[in-house]
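Some notes on the structure that comes next.
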Amino acid sequence: MQKNLNNLRAFFLAASEKNITRAAERLCVTQPAVTMQIKSLEHTLGMKLIQKYGKDFQLTEVGDTLFVYVKKIFKIVDEMEYALESYRETTQGSLKLGTTHSFARHFMPDLVHRFQEQFPGVKVFLKEGNSQDILDGVLSFKYDLGVIGRLPYDKKLNFIPYTRPEFLLVTPPGHRFRENKEISLGDLNNEPLIIQEKGSGARHAFLSLLRSHGVNPSVHVEAGSVEFIKEYVMHGEGIAFLYKAEVEQEMNRGLLHGLRIKEGPLYLQTDVIFHKNTELSPASQAFLRLTEVVS
C-alpha cells in the first residue's frame with residue numbers, strides 16, 4: 001500500500017521529538033496540520049499509531065514498529081538529498097569530453113587540470129577524434145561537450161567560441177620558399193599540399209581560405225596523423241598548414257621551416273559545442289564557464 005511521504009515525515013518527526021508542537025516547528029507548519037497528517041496516516045493504515053494523554057502522547061505497539069522503519073526510510077532520503085546536492089554543486093558526477101588529437105596533446109591537459117582543481121569529485125572522460133567525429137558524437141549524445149576546430153554546424157548544435165590557436169605554413173628546409181621572408185597565398189597555386197583528413201577543422205578552414213583567394217593547391221596526400229604529415233613534409237614531399245605548437249621543436253632543430261603569409265597570421269577558430277536538445281549538467285556548465293575565463 002502506497003504511503004504519503006509527507007504524512008510519514010510528520011509521524012517520524014513527532015515520534016522523534018516526542019512532541020507534536022516541536023515537530024510542527026521543524027516542518028514550518030501548524031500543530032493541527034501535523035495532527036491531521038498523522039490521523040491521515042492512521043486512516044490509510046487502518047491502525048492507531050499514537051495514544052494521546054492530554055498534551056503528551058506515546059506510540060502504540062504498531063507505532064513503535066513503524067517508527068523503526070521510517071527512521072531507516074528518512075536516513076536513506078537524507079543520504080539521497082545529500083548526494084543530489086553534490087551533483088547540483090558540481091562536487092560529483094562525470095563529464096564526457098570530445099576533442100581533436102592536437103588539442104588533446106596541447107591545450108586540453110591544462111584546461112582539464114584547472115577544471116579538476118576546482119571540481120575534484122567530477123570524473124572526466126576525454127576522447128579524441130577529428131572535428132567531424134567529435135561533432136557527430138555530440139549529436140548522438142556520446143559526448144556532453146566537444147572542443148573542435150570550427151566546421152559547418154548542424155542546426156541541432158549550440159557553440160561557444162573558445163580560442164584561436166596559430167597555424168603555420170611549414171616547408172622542408174630546402175624548399176624554394178625558404179629564401180622568402182613571406183609569401184602570398186597566391187604563391188601556393190599548384191603547390192603540393194599535405195593536408196589533414198576529411199572531417200578536420202583545420203582542413204576545412206585552410207581549404208576554404210585558399211578557395212576564397214582563388215588558390216587551387218595540388219592536394220598531394222591526406223592524412224589523419226600529424227606526425228605522418230610532419231615526416232612527409234621533412235622528406236620534401238610537400239608543404240602543410242600545421243598547428244604552431246605541433247612544429248616548434250622541429251623548427252628549432254632546423255627540420256622544418258615556418259613561413260609568414262602576407263595576408264596575415266593564420267588562426268583556426270575553435271569552439272565548444274553542445275546539443276541544443278539537452279539540459280547541460282552542472283559539470284558541463286562549470287566547464288563552459290571555465291573556457292570563457294581562459295579563452
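Order determines the names: the first chain of the C-alpha cells is A, the second B, and so forth; residues in each chain are numbered 1 upward, and ligands are numbered 1 upward as they are shown.
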For the contact check between segment 224-286 of chain A and segment 150-160 of chain A, emit one row per residue of segment 224-286 of chain A within 10 Å, containing the shortest atom pair and the distance in Å rounded to one decimal, counting only C-alpha atoms, chain then rising number order, as a Markdown table.
```
| residue | atom | partner | partner_atom | distance |
| --- | --- | --- | --- | --- |
| A:Leu268 | CA | A:Arg150 | CA | 7.6 |
| A:Gln269 | CA | A:Arg150 | CA | 5.8 |
| A:Thr270 | CA | A:Arg150 | CA | 5.4 |
| A:Asp271 | CA | A:Ile160 | CA | 5.4 |
| A:Val272 | CA | A:Ile160 | CA | 5.2 |
| A:Ile273 | CA | A:Phe159 | CA | 4.3 |
| A:Phe274 | CA | A:Asn158 | CA | 5.4 |
| A:His275 | CA | A:Leu157 | CA | 4.7 |
| A:Lys276 | CA | A:Leu157 | CA | 5.3 |
| A:Asn277 | CA | A:Lys156 | CA | 7.2 |
```
Would you export the selected residues with C-alpha atoms as a tab-separated table (two decimals), in the first residue's frame, please?
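Output file again-v7.tsv is given in full below:
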```
chain	number	residue	atom	x	y	z
A	268	LEU	CA	41.93	28.46	-36.53
A	269	GLN	CA	38.74	29.29	-34.67
A	270	THR	CA	37.93	26.62	-32.12
A	271	ASP	CA	34.57	26.21	-30.40
A	272	VAL	CA	32.99	24.36	-27.52
A	273	ILE	CA	29.91	22.62	-28.93
A	274	PHE	CA	26.91	21.01	-27.23
A	275	HIS	CA	23.49	19.68	-28.22
A	276	LYS	CA	20.59	22.13	-28.17
A	277	ASN	CA	18.12	19.46	-27.07
```
Legend entry - Long-range neighbours of Arg178 of chain A as JSON, numbers by chain, 10 Å cut-off, only C-alpha atoms, 6 positions minimum in chain: {"A": [170, 171, 172, 257, 258, 259]}
Would you save the residues from that selection as a compact mmCIF listing (two decimals), in the first residue's frame, using N, CA and C atoms?
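For reference, result_16.txt as written:
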```txt
# COMPACT_ATOMS: atom_id res chain seq x y z
N VAL A 170 54.24 25.32 -43.20
CA VAL A 170 55.59 24.78 -42.99
C VAL A 170 56.08 24.09 -44.25
N THR A 171 57.39 24.20 -44.48
CA THR A 171 58.04 23.61 -45.65
C THR A 171 59.26 22.83 -45.18
N PRO A 172 59.79 21.95 -46.03
CA PRO A 172 61.07 21.31 -45.70
C PRO A 172 62.19 22.34 -45.79
N HIS A 257 60.59 24.51 -41.73
CA HIS A 257 60.68 25.96 -41.85
C HIS A 257 59.27 26.53 -41.87
N GLY A 258 59.03 27.52 -41.00
CA GLY A 258 57.72 28.16 -40.95
C GLY A 258 57.71 29.44 -41.74
N LEU A 259 56.64 29.67 -42.50
CA LEU A 259 56.56 30.85 -43.37
C LEU A 259 55.49 31.83 -42.90
```
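Across the structure, atom CA of Phe287 of chain A and atom CA of Leu139 of chain A are spaced 18.6 Å apart.
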Inset, instruction - Step one, run DSSP on the backbone; step two, keep only residues of segment 29-202 of chain A assigned to alpha helix (DSSP H); then write them as a PyMOL selection string. - result: chain A and resi 31-45+61-88+101-106+108-118+131-139+201-202
How would the residues just picked look written out with C-alpha atoms as a PDB file, in the first residue's frame?
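selection_23.pdb, written as the output of this step:
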```
ATOM      1  CA  GLN A  31       0.332  21.870  15.169  1.00  0.00           C
ATOM      2  CA  PRO A  32      -3.136  20.937  13.852  1.00  0.00           C
ATOM      3  CA  ALA A  33      -1.589  20.272  10.427  1.00  0.00           C
ATOM      4  CA  VAL A  34       0.803  17.707  11.941  1.00  0.00           C
ATOM      5  CA  THR A  35      -2.050  16.093  13.892  1.00  0.00           C
ATOM      6  CA  MET A  36      -4.110  15.894  10.700  1.00  0.00           C
ATOM      7  CA  GLN A  37      -1.233  14.250   8.762  1.00  0.00           C
ATOM      8  CA  ILE A  38      -0.790  11.613  11.470  1.00  0.00           C
ATOM      9  CA  LYS A  39      -4.524  10.918  11.552  1.00  0.00           C
ATOM     10  CA  SER A  40      -4.490  10.586   7.730  1.00  0.00           C
ATOM     11  CA  LEU A  41      -1.668   8.042   8.005  1.00  0.00           C
ATOM     12  CA  GLU A  42      -3.592   6.128  10.679  1.00  0.00           C
ATOM     13  CA  HIS A  43      -6.656   6.129   8.456  1.00  0.00           C
ATOM     14  CA  THR A  44      -4.630   4.805   5.493  1.00  0.00           C
ATOM     15  CA  LEU A  45      -3.129   2.027   7.625  1.00  0.00           C
ATOM     16  CA  GLU A  61       2.925  -1.047  19.519  1.00  0.00           C
ATOM     17  CA  VAL A  62       2.162  -0.522  15.821  1.00  0.00           C
ATOM     18  CA  GLY A  63       3.591   2.998  16.068  1.00  0.00           C
ATOM     19  CA  ASP A  64       6.820   1.635  17.601  1.00  0.00           C
ATOM     20  CA  THR A  65       7.172  -0.849  14.747  1.00  0.00           C
ATOM     21  CA  LEU A  66       6.507   1.798  12.092  1.00  0.00           C
ATOM     22  CA  PHE A  67       8.979   4.192  13.725  1.00  0.00           C
ATOM     23  CA  VAL A  68      11.790   1.640  13.323  1.00  0.00           C
ATOM     24  CA  TYR A  69      11.164   1.549   9.587  1.00  0.00           C
ATOM     25  CA  VAL A  70      10.593   5.258   8.976  1.00  0.00           C
ATOM     26  CA  LYS A  71      13.935   6.013  10.689  1.00  0.00           C
ATOM     27  CA  LYS A  72      15.571   3.845   8.019  1.00  0.00           C
ATOM     28  CA  ILE A  73      13.499   5.478   5.255  1.00  0.00           C
ATOM     29  CA  PHE A  74      14.459   9.028   6.192  1.00  0.00           C
ATOM     30  CA  LYS A  75      18.102   8.105   6.696  1.00  0.00           C
ATOM     31  CA  ILE A  76      18.094   6.981   3.046  1.00  0.00           C
ATOM     32  CA  VAL A  77      16.145  10.103   1.997  1.00  0.00           C
ATOM     33  CA  ASP A  78      18.721  12.328   3.705  1.00  0.00           C
ATOM     34  CA  GLU A  79      21.573  10.454   2.003  1.00  0.00           C
ATOM     35  CA  MET A  80      19.813  10.802  -1.350  1.00  0.00           C
ATOM     36  CA  GLU A  81      19.295  14.552  -0.895  1.00  0.00           C
ATOM     37  CA  TYR A  82      22.955  14.965   0.092  1.00  0.00           C
ATOM     38  CA  ALA A  83      24.106  13.021  -2.980  1.00  0.00           C
ATOM     39  CA  LEU A  84      21.868  15.013  -5.330  1.00  0.00           C
ATOM     40  CA  GLU A  85      23.009  18.284  -3.777  1.00  0.00           C
ATOM     41  CA  SER A  86      26.588  17.222  -4.501  1.00  0.00           C
ATOM     42  CA  TYR A  87      25.691  16.975  -8.194  1.00  0.00           C
ATOM     43  CA  ARG A  88      23.957  20.344  -8.072  1.00  0.00           C
ATOM     44  CA  HIS A 101      44.181  14.796 -31.345  1.00  0.00           C
ATOM     45  CA  SER A 102      46.229  18.018 -31.445  1.00  0.00           C
ATOM     46  CA  PHE A 103      44.106  19.820 -28.872  1.00  0.00           C
ATOM     47  CA  ALA A 104      44.197  16.768 -26.576  1.00  0.00           C
ATOM     48  CA  ARG A 105      48.001  16.991 -26.587  1.00  0.00           C
ATOM     49  CA  HIS A 106      48.487  20.719 -26.343  1.00  0.00           C
ATOM     50  CA  MET A 108      43.278  20.268 -23.117  1.00  0.00           C
ATOM     51  CA  PRO A 109      45.637  18.943 -20.383  1.00  0.00           C
ATOM     52  CA  ASP A 110      45.890  22.403 -18.806  1.00  0.00           C
ATOM     53  CA  LEU A 111      42.156  23.050 -19.210  1.00  0.00           C
ATOM     54  CA  VAL A 112      41.144  19.720 -17.691  1.00  0.00           C
ATOM     55  CA  HIS A 113      43.691  20.196 -14.900  1.00  0.00           C
ATOM     56  CA  ARG A 114      42.165  23.566 -14.000  1.00  0.00           C
ATOM     57  CA  PHE A 115      38.694  22.051 -14.043  1.00  0.00           C
ATOM     58  CA  GLN A 116      39.648  19.168 -11.759  1.00  0.00           C
ATOM     59  CA  GLU A 117      41.439  21.503  -9.355  1.00  0.00           C
ATOM     60  CA  GLN A 118      38.089  23.223  -8.820  1.00  0.00           C
ATOM     61  CA  SER A 131      36.473  17.551 -35.522  1.00  0.00           C
ATOM     62  CA  GLN A 132      33.707  15.836 -37.520  1.00  0.00           C
ATOM     63  CA  ASP A 133      33.974  12.705 -35.353  1.00  0.00           C
ATOM     64  CA  ILE A 134      33.506  14.780 -32.216  1.00  0.00           C
ATOM     65  CA  LEU A 135      30.682  16.790 -33.780  1.00  0.00           C
ATOM     66  CA  ASP A 136      28.856  13.552 -34.641  1.00  0.00           C
ATOM     67  CA  GLY A 137      29.480  12.284 -31.104  1.00  0.00           C
ATOM     68  CA  VAL A 138      27.876  15.364 -29.570  1.00  0.00           C
ATOM     69  CA  LEU A 139      24.881  14.999 -31.893  1.00  0.00           C
ATOM     70  CA  GLY A 201      38.545  21.592 -38.718  1.00  0.00           C
ATOM     71  CA  ALA A 202      41.969  22.771 -39.906  1.00  0.00           C
TER      72      ALA A 202
END
```
Inset, instruction - Measuring atom to atom with only C-alpha atoms, identify which of A:Gln196, A:Asn216, A:Thr278, A:Thr21 is nearest to Ala240 of chain A. - result: A:Gln196
Inset, instruction - Choose the residue, out of A:Gly129, A:Glu227, A:Asn19, A:Phe119, that has the smallest atom-to-atom separation from Lys198 of chain A; count only C-alpha atoms. - result: A:Gly129
